[in-house]
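*Asks:* Just passing along the structure, written as structure tokens.
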Amino acid sequence: MAVTSSAQTFEYVVIGAGAMGSAAAYHLARDGRRVLLLEQFAVGHTRGSSHGESRIFRFAYPNADYAQLAMQCKPLWRQLEAESGERLLIETGGLDLADDPEGFNAVDEVARTLERLGAAYALLDAEQVRARFPMFSMSREGRAVYSPDAGILLADRCVRAFVRLAQAQGAVVHEHEAVRAIHPEGAHVWVETAQQRYRARAVIITAGAWVNALLAGLGFALPLRIEREQVAYFDARGSAEFRPERMPIWIHYRALIAYGFPDLGNGVKAGFHHAGHYLNSADENNGQPDAADLERLGNYIRMRFPALDPTPRNALTCLYTNAPDEDFIIDALPSVPNVIVASPCSGHGFKFAVGIGRALADLVQHGETSLHIRHTRRLAALLQQL
Ligand SMILES: Cc1cc2nc3c(=O)[nH]c(=O)nc-3n(C[C@H](O)[C@H](O)[C@H](O)COP(=O)(O)OP(=O)(O)OC[C@H]3O[C@@H](n4cnc5c(N)ncnc54)[C@H](O)[C@@H]3O)c2cc1C
């Protein structure tokens, strides 16, 4: 379709309807702002980072900045649940465990951080883990931190709830409309798609693994690496032990970190964090799971959860957009305060989406936020001029 000559005007344009963009649109619409959310594919598509049944929610981070942000996010998720009338965050508790020296430091750091922030937790030795959570098999030297504040976010449902509630408050959502260019011009920003030109007071770029394609048009690049990850489901053979009432989410700190979720009806879901399949661009992801990775995951499950069927099922791929240090980047472009970039994946962003959306809505309206994102305001330090 040809670009029409007359531009449409919005107060804010959000580019990308994954977890972050849909959350930003939800908060802006809730604040009574006139907002347009543009998505190049359909809402809920499976080529980016936010699709699938579930994501881990937890306070349990070694790094206090993320733990604090997660603590601010929990009431916001509950607010979204109340407004949507849906269950979105299932509290299961979480187990951060290690049974080799490589993992002990991380687990100890998690405990120290929770202690410092006054969050509830329990230190468990291997015997105590076996007694409380017999589904996990760990060596005698193992230890774990149990945190009651962890659980499962129903990811697809969360994104749909953000979009639905944003629309109910007047947000305009255009699917299958890719942004080609962004032109800041003083107090306004022009956004160009194949179909239309839009004028806005400010633009939020929440384009996930595609962020550099948009920044290139502005003469910038971020040092990001895109990684294709995969998860798979393992049949619990009808055992009630693996249901969320009994089994917590878990993170197993080891050379290749493993994590997983109890059985919500489709089996126990598990994956490796940073399995190491790097792509040159987000469009290279063909959605095909890697057979060798699945075999490795099946072997892990066989060793650690002997009661599960170790045959991987319903595998799906998903993208991480990694900053060099895995910290988020949420900031205005240097000398362009009305273009805000939020590239907060690095494989652990979903749990914060509701808070990051709030922070983005605050930043474009007021230039500041009470959300704990100071550590992410570092675009100038990372941006490379093309
Ligand atoms: C396998 C896996 C497991 C994970 N597990 C967890 C977990 O347990 N807990 C946790 O907290 N986090 C987890 N994460 C990370 C979390 O899911 C991501 O941080 C988060 O979903 C990123 O959301 P996003 O909105 O930045 O990116 P995306 O979801 O990719 O959204 C970006 C959107 O922008 C659109 N877009 C791009 N360019 C354009 C354009 N030019 N015009 C219009 N639209 C455009 C894209 O199509 C896309 O829909 C996991 C990620 C993966 C891959």
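Identifiers for the structure tokens are assigned positionally: chains receive A, B, ... in sequence, residues are indexed from 1 per chain, and ligands are indexed from 1 in the order shown.
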Hey, what's within 12 Å of Leu80 of chain A if we count only C-alpha atoms and toss same-chain stuff fewer than 6 positions away? As a PyMOL selection string, please?
*Replies:* chain A and resi 23+26-27+30+73-74+86-89+153+157-166+353-355+357-358
*Asks:* For the residues in that selection, give me C-alpha atoms as a short mmCIF file (atom, residue, chain, number, x, y, z; two decimals), in the first residue's frame.
*Replies:*
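Everything below was put into selection.cif:
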data_model
loop_
_atom_site.label_atom_id
_atom_site.label_comp_id
_atom_site.auth_asym_id
_atom_site.auth_seq_id
_atom_site.Cartn_x
_atom_site.Cartn_y
_atom_site.Cartn_z
CA ALA A 23 2.65 -2.88 28.66
CA TYR A 26 -1.60 -0.22 28.49
CA HIS A 27 -0.19 2.28 30.99
CA ARG A 30 -4.78 4.03 31.36
CA CYS A 73 6.29 -5.12 39.73
CA LYS A 74 4.33 -7.62 41.78
CA GLU A 86 -7.95 -13.19 34.64
CA ARG A 87 -5.43 -15.18 36.59
CA LEU A 88 -2.02 -14.15 35.26
CA LEU A 89 0.49 -14.78 38.07
CA LEU A 153 3.38 -15.45 34.64
CA ARG A 157 -2.35 -14.11 28.42
CA CYS A 158 -0.43 -11.17 29.90
CA VAL A 159 0.38 -9.68 26.49
CA ARG A 160 -3.20 -10.11 25.33
CA ALA A 161 -4.50 -8.54 28.54
CA PHE A 162 -2.22 -5.50 28.07
CA VAL A 163 -3.44 -5.03 24.49
CA ARG A 164 -7.09 -5.62 25.27
CA LEU A 165 -7.12 -3.23 28.24
CA ALA A 166 -5.17 -0.62 26.28
CA ALA A 353 7.25 -5.94 31.68
CA VAL A 354 4.42 -4.43 33.71
CA GLY A 355 6.89 -2.18 35.57
CA GLY A 357 5.75 -0.36 30.71
CA ARG A 358 4.91 1.91 33.67
#
*Asks:* Could you name the residues that touch Glu109 of chain A at 12 Å or less, counting only C-alpha atoms, but leaving out those on the same chain fewer than 6 positions away, as JSON, numbers by chain?
*Replies:* {"A": [60, 61, 62, 63, 64, 67, 96, 97, 98, 103, 115, 116, 123, 144, 145, 253]}
*Asks:* Rounded to one decimal in Å, what is the spacing between atom CA of Ile340 of chain A and atom 25 (O, counted along the ligand's line) of ligand 1?
*Replies:* 13.7 Å
*Asks:* Find the residue from A:Phe305, A:Phe41, A:Phe242, A:Phe261 that sits nearest to Met138 of chain A; use only C-alpha atoms when measuring.
*Replies:* A:Phe305
